[in-house]
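Each remark here refers to the structure printed beneath this line.
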Amino acid sequence: MSPSRPQVPFGFVTHSVDLLNHFRPVLEQLPAGSFELIRCVEPDDIEPFEQVTSRHAWPFVALEALDGVETPYDCLISNHPMMLADPEQIKRLGRRNVRFMYGLGKNRWQFAEWNALYDAILCFGPYQVAHLAPVTDAVLIPMGYPRFDGFFTLRHERHRLIEEFGGDPSRATIVWLPTWNQLSSVGHYDEDIVQWADRYNVFVKVHPGMPRVEPERFARLKALPFTTMLAGEADNMPLFAVADLVLADYGGSAFGAIYTDRNLLLLDVPGAEHDEYLGEDSPELLLREHIPSIRPGEGRAIGSVLHDAVLWERQRHVRRALRAGYFFPFYGFSGRVAADALINIHQILDHGDGN
């Protein structure tokens with residue numbers, strides 16, 4: 001190890017600014033001076049990354065500054081190893097490697113063979129444990145969903161948050177959280193959804209990668225008169241606190257609505273079942289057996305669905321059952337659970353029997 005580079009207990013590989021929203025509830029529970037963020041974001045994201053880290057006084061180092069440094073971290077935490085040119089690099093950066101699950105969905109990606117690189121994996125719930133066990137010998141550790149710890153306070157501040165988002169607190173609020181690329185509902189439902197903005201608050205938050213990767217698609221959406229349009233590193237979590245109805249397509253947003261017990265309507269995208277990352281047993285597809293969904297052109301149904309009290313009373317019980325399968329019940333203190341697991345990672349790995 002370089003004598004000018006003392007080993008830091010925890011290093012968090014951060015390849016997108018949005019990951020800071022996922023790590024924050026855990027970082028806030030770790031001892032001061034015990035962690036460092038490893039910046040490996042796109043060049044356009046360096047400035048927003050440094051703005052966020054400066055606001056929280058979080059130490060960071062650029063990935064390239066670690067070249068040639070022998071295992072600078074006792075424990076390296078990453079969402080996945082594929083952001084690096086060589087996935088095996090996580091082994092050179094950390095003596096122990098922990099995967100921090102980022103979301104649900106896209107099974108062929110989430111449960112790929114590279115999970116075998118990890119010593120331990122922090123999991124949302126029983127579903128991830130069951131699907132990771134066949135592909136890795138890592139110790140599978142329950143943590144719940146740390147990103148949403150703050151929801152359980154913010155849900156009582158609906159009036160203030162709606163005003164901050166530019167809405168009218170006296171109106172019902174629709175929150176649309178589309179994903180990006182082929183599975184995105186953007187372009188399929190734009191007019192279906194914007195038509196309700198003269199009657200309800202309609203808040204839209206696009207995937208953080210869409211403005212950079214799909215600028216024309218994003219520009220067309222941004223030109224429409226939604227109540228509020230959000231992009232970039234803004235955290236989705238407060239939007240769940242104000243939502244009377246969440247509209248989601250594929251990926252993590254639908255599961256955020258289930259976790260926070262928000263009324264949820266799924267937006268089908270033609271051909272989604274053939275996507276290379278999903279697989280026939282991906283939860284985004286299976287959800288449609290339990291959660292109501294619509295197809296492009298059926299946007300008139302949104303208004304009636306929003307006010308269907310009988311439907312949502314039934315769905316409340318459905319969501320409760322789904323939460324039990326997808327999430328461990330550490331509601332509001334998942335960050336503490338995850339931080340305690342990291343602080344005690346050596347005991348866990350020394351005595352865990354793996355899977």
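Chain labels run A, B, ... following the order of the structure tokens; each chain numbers its residues from 1, and ligands are numbered from 1 in the order shown.
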Closest-contact table, segment 268-348 of chain A side, partner segment 123-133 of chain A, 9 Å, counting only C-alpha atoms, as a tab-separated table:
residue	atom	partner	partner_atom	distance
A:Arg323	CA	A:Gly125	CA	8.6
A:Ala324	CA	A:Gly125	CA	8.0
A:Gly325	CA	A:Pro126	CA	5.7
A:Tyr326	CA	A:Gly125	CA	4.9
A:Phe327	CA	A:Gly125	CA	3.8
A:Phe328	CA	A:Gly125	CA	4.7
A:Pro329	CA	A:Gly125	CA	8.4
Selection export as a short mmCIF file (atom, residue, chain, number, x, y, z; two decimals), in the first residue's frame, atoms kept: N, CA, C and O atoms:
data_model
loop_
_atom_site.label_atom_id
_atom_site.label_comp_id
_atom_site.auth_asym_id
_atom_site.auth_seq_id
_atom_site.Cartn_x
_atom_site.Cartn_y
_atom_site.Cartn_z
N ARG A 323 -45.31 -6.05 -0.56
CA ARG A 323 -44.22 -5.54 0.29
C ARG A 323 -43.58 -6.67 1.10
O ARG A 323 -42.36 -6.71 1.27
N ALA A 324 -44.39 -7.57 1.60
CA ALA A 324 -43.86 -8.67 2.41
C ALA A 324 -42.90 -9.54 1.61
O ALA A 324 -41.96 -10.11 2.16
N GLY A 325 -43.12 -9.65 0.30
CA GLY A 325 -42.24 -10.46 -0.53
C GLY A 325 -41.02 -9.72 -1.03
O GLY A 325 -39.95 -10.32 -1.20
N TYR A 326 -41.16 -8.42 -1.25
CA TYR A 326 -40.06 -7.66 -1.86
C TYR A 326 -39.17 -6.93 -0.86
O TYR A 326 -38.03 -6.57 -1.19
N PHE A 327 -39.67 -6.66 0.36
CA PHE A 327 -38.93 -5.81 1.29
C PHE A 327 -38.91 -6.37 2.71
O PHE A 327 -39.93 -6.84 3.21
N PHE A 328 -37.74 -6.27 3.35
CA PHE A 328 -37.67 -6.51 4.78
C PHE A 328 -38.27 -5.30 5.50
O PHE A 328 -38.10 -4.17 5.05
N PRO A 329 -38.94 -5.51 6.63
CA PRO A 329 -39.77 -4.44 7.22
C PRO A 329 -39.01 -3.48 8.13
O PRO A 329 -39.41 -3.24 9.28
#
Counting only C-alpha atoms, which residues of segment 154-267 of chain A sit at most 12 Å from some atom of segment 282-288 of chain A, and what is each one's closest atom pair with its distance in Å to one decimal, listed by chain and rising residue number, as a tab-separated table?
residue	atom	partner	partner_atom	distance
A:Thr179	CA	A:Glu284	CA	11.9
A:Leu183	CA	A:Glu284	CA	10.6
A:Ala248	CA	A:Glu284	CA	10.0
A:Asp249	CA	A:Glu284	CA	8.1
A:Tyr250	CA	A:Glu284	CA	5.7
A:Gly251	CA	A:Glu284	CA	6.7
A:Gly252	CA	A:Glu284	CA	8.7
A:Ser253	CA	A:Glu284	CA	10.1
A:Ala254	CA	A:Glu284	CA	8.0
A:Phe255	CA	A:Glu284	CA	8.8
A:Ile258	CA	A:Leu287	CA	10.4
A:Leu264	CA	A:Leu287	CA	10.7
A:Leu265	CA	A:Arg288	CA	9.6
A:Leu266	CA	A:Arg288	CA	7.4
A:Leu267	CA	A:Arg288	CA	9.6
Per residue of segment 78-185 of chain A within 12 Å of segment 45-68 of chain A, what are the shortest atom pair and its distance in Å to one decimal, counting only C-alpha atoms, with rows by chain and residue number, as JSON lines?
{"residue": "A:Met83", "atom": "CA", "partner": "A:Leu63", "partner_atom": "CA", "distance": 11.2}
{"residue": "A:Leu84", "atom": "CA", "partner": "A:Leu63", "partner_atom": "CA", "distance": 9.5}
{"residue": "A:Ala85", "atom": "CA", "partner": "A:Leu63", "partner_atom": "CA", "distance": 11.4}
{"residue": "A:Gln89", "atom": "CA", "partner": "A:Asp67", "partner_atom": "CA", "distance": 10.3}
{"residue": "A:Ile90", "atom": "CA", "partner": "A:Leu63", "partner_atom": "CA", "distance": 11.2}
{"residue": "A:Arg92", "atom": "CA", "partner": "A:Gly68", "partner_atom": "CA", "distance": 9.3}
{"residue": "A:Leu93", "atom": "CA", "partner": "A:Leu66", "partner_atom": "CA", "distance": 8.1}
{"residue": "A:Gly94", "atom": "CA", "partner": "A:Leu66", "partner_atom": "CA", "distance": 11.3}
Got time to write the residues from that selection, N, CA and C atoms, as a PDB file, in the first residue's frame?
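Below is the file part-v3.pdb, written as the result:
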ATOM      1  N   MET A  83     -19.426  -0.746 -14.020  1.00  0.00           N
ATOM      2  CA  MET A  83     -19.091   0.622 -14.405  1.00  0.00           C
ATOM      3  C   MET A  83     -17.590   0.780 -14.616  1.00  0.00           C
ATOM      4  N   LEU A  84     -16.815  -0.204 -14.190  1.00  0.00           N
ATOM      5  CA  LEU A  84     -15.363  -0.170 -14.317  1.00  0.00           C
ATOM      6  C   LEU A  84     -14.944  -0.878 -15.596  1.00  0.00           C
ATOM      7  N   ALA A  85     -13.811  -0.471 -16.144  1.00  0.00           N
ATOM      8  CA  ALA A  85     -13.322  -1.107 -17.374  1.00  0.00           C
ATOM      9  C   ALA A  85     -13.096  -2.594 -17.151  1.00  0.00           C
ATOM     10  N   GLN A  89     -11.701  -5.114 -10.946  1.00  0.00           N
ATOM     11  CA  GLN A  89     -11.033  -4.008 -10.272  1.00  0.00           C
ATOM     12  C   GLN A  89     -11.564  -3.799  -8.850  1.00  0.00           C
ATOM     13  N   ILE A  90     -12.810  -4.183  -8.602  1.00  0.00           N
ATOM     14  CA  ILE A  90     -13.328  -4.001  -7.242  1.00  0.00           C
ATOM     15  C   ILE A  90     -12.516  -4.817  -6.235  1.00  0.00           C
ATOM     16  N   ARG A  92      -9.287  -5.229  -6.378  1.00  0.00           N
ATOM     17  CA  ARG A  92      -8.051  -4.503  -6.133  1.00  0.00           C
ATOM     18  C   ARG A  92      -8.281  -3.262  -5.276  1.00  0.00           C
ATOM     19  N   LEU A  93      -9.498  -2.766  -5.271  1.00  0.00           N
ATOM     20  CA  LEU A  93      -9.809  -1.561  -4.511  1.00  0.00           C
ATOM     21  C   LEU A  93     -10.210  -1.856  -3.060  1.00  0.00           C
ATOM     22  N   GLY A  94     -10.788  -3.027  -2.824  1.00  0.00           N
ATOM     23  CA  GLY A  94     -11.260  -3.321  -1.480  1.00  0.00           C
ATOM     24  C   GLY A  94     -10.892  -4.724  -1.018  1.00  0.00           C
TER      25      GLY A  94
END
Practice prompt. Give me the residues within 12 Å of Val242 of chain A as a PyMOL selection string, counting only C-alpha atoms and dropping any in the same chain fewer than 6 places off.
Written response: chain A and resi 151-165+167-176+201-203+236+257+260-263
Interface rows for segment 185-235 of chain A against segment 298-311 of chain A: nearest pair, Å to one decimal, 9 Å, only C-alpha atoms, as JSON lines:
{"residue": "A:Tyr189", "atom": "CA", "partner": "A:Gly299", "partner_atom": "CA", "distance": 7.3}
{"residue": "A:Glu191", "atom": "CA", "partner": "A:Gly299", "partner_atom": "CA", "distance": 8.1}
{"residue": "A:Asp192", "atom": "CA", "partner": "A:Gly299", "partner_atom": "CA", "distance": 4.3}
{"residue": "A:Ile193", "atom": "CA", "partner": "A:Gly299", "partner_atom": "CA", "distance": 6.4}
{"residue": "A:Gln195", "atom": "CA", "partner": "A:Gly299", "partner_atom": "CA", "distance": 8.5}
{"residue": "A:Trp196", "atom": "CA", "partner": "A:Gly303", "partner_atom": "CA", "distance": 7.6}
Item to complete: Enumerate the residues of segment 111-213 of chain A with a DSSP assignment of helix (DSSP H, G or I), computed from the backbone, and present them as a PyMOL selection string.
Response: chain A and resi 113-117+126-132+146-148+151-154+158-164+181-183+190-198+210-213
Item to complete: Apply DSSP to the structure's backbone, then extract all residues of segment 9-217 of chain A labelled strand (DSSP E) and return them as a VMD selection string.
Response: chain A and resid 9 to 14 35 to 39 60 to 62 73 to 78 94 to 100 120 to 123 139 to 142 173 to 177 201 to 205
Practice prompt. Write out as a list in words which residues come within 10 Å of Met143 of chain A when counting only C-alpha atoms, dropping same-chain ones fewer than 5 positions away.
Written response: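 Final neighbour list, sorted by chain and number: Phe100, Met101, Ile121, Leu122, Cys123, Phe124, Gly125, Phe327, Phe328, Pro329, Phe330, Tyr331, Phe333, Ser334, Gly335, Arg336, Val337, Ala338, Ala339, Asp340 and Ala341 of chain A.
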Item to complete: Can you pull out every residue within 7 Å of Cys75 of chain A, counting only C-alpha atoms, but drop anything in the same chain fewer than 6 positions away, and send it as a VMD selection string?
Response: chain A and resid 9 to 11 94 to 97
Worksheet entry | Asp350 of chain A environment, 12 Å, only C-alpha atoms, sequence neighbours closer than 5 positions dropped, as an NGL selection string | :A and (96 or 119-120 or 138-139 or 344-345)
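Residues in contact with Val318 of chain A at 8 Å, where only C-alpha atoms are counted and same-chain residues fewer than 3 positions away are skipped, are listed as A:His290, A:Ile291, A:Arg314, A:Gln315, A:Ala321, A:Leu322.
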Would you export the selected residues with N, CA, C and O atoms as an mmCIF file, in the first residue's frame, please?
data_model
loop_
_atom_site.group_PDB
_atom_site.id
_atom_site.type_symbol
_atom_site.label_atom_id
_atom_site.label_comp_id
_atom_site.auth_asym_id
_atom_site.auth_seq_id
_atom_site.Cartn_x
_atom_site.Cartn_y
_atom_site.Cartn_z
ATOM 1 N N HIS A 290 -51.083 -8.150 -10.706
ATOM 2 C CA HIS A 290 -51.630 -7.704 -9.426
ATOM 3 C C HIS A 290 -51.990 -6.220 -9.386
ATOM 4 O O HIS A 290 -52.874 -5.820 -8.619
ATOM 5 N N ILE A 291 -51.286 -5.411 -10.183
ATOM 6 C CA ILE A 291 -51.443 -3.955 -10.167
ATOM 7 C C ILE A 291 -52.128 -3.529 -11.464
ATOM 8 O O ILE A 291 -51.776 -4.024 -12.540
ATOM 9 N N ARG A 314 -58.967 -2.272 -2.374
ATOM 10 C CA ARG A 314 -58.480 -3.621 -2.707
ATOM 11 C C ARG A 314 -56.976 -3.615 -2.915
ATOM 12 O O ARG A 314 -56.263 -4.519 -2.462
ATOM 13 N N GLN A 315 -56.499 -2.592 -3.603
ATOM 14 C CA GLN A 315 -55.077 -2.515 -3.913
ATOM 15 C C GLN A 315 -54.219 -2.314 -2.669
ATOM 16 O O GLN A 315 -53.070 -2.735 -2.627
ATOM 17 N N ALA A 321 -49.268 -7.287 0.636
ATOM 18 C CA ALA A 321 -48.743 -8.626 0.360
ATOM 19 C C ALA A 321 -47.468 -8.553 -0.482
ATOM 20 O O ALA A 321 -46.510 -9.299 -0.245
ATOM 21 N N LEU A 322 -47.440 -7.648 -1.447
ATOM 22 C CA LEU A 322 -46.248 -7.497 -2.276
ATOM 23 C C LEU A 322 -45.058 -6.986 -1.461
ATOM 24 O O LEU A 322 -43.930 -7.444 -1.645
#
Practice prompt. Could you tell me how far atom CA of Pro87 of chain A lies from atom CA of Asp235 of chain A, in Å and to one decimal?
Written response: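 Rounded to one decimal, the two atoms are 27.8 Å apart.
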Worksheet item: To one decimal place, how far is atom CA of Asn21 of chain A from atom CA of Val8 of chain A in Å?
Response: 21.7 Å
Worksheet item: Which is closest to Ala241 of chain A among A:Glu214, A:Ala219, A:Gly105, A:Phe148, if we use only C-alpha atoms?
Response: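 Residue with the minimum atom-to-atom distance to Ala241 of chain A: A:Phe148.
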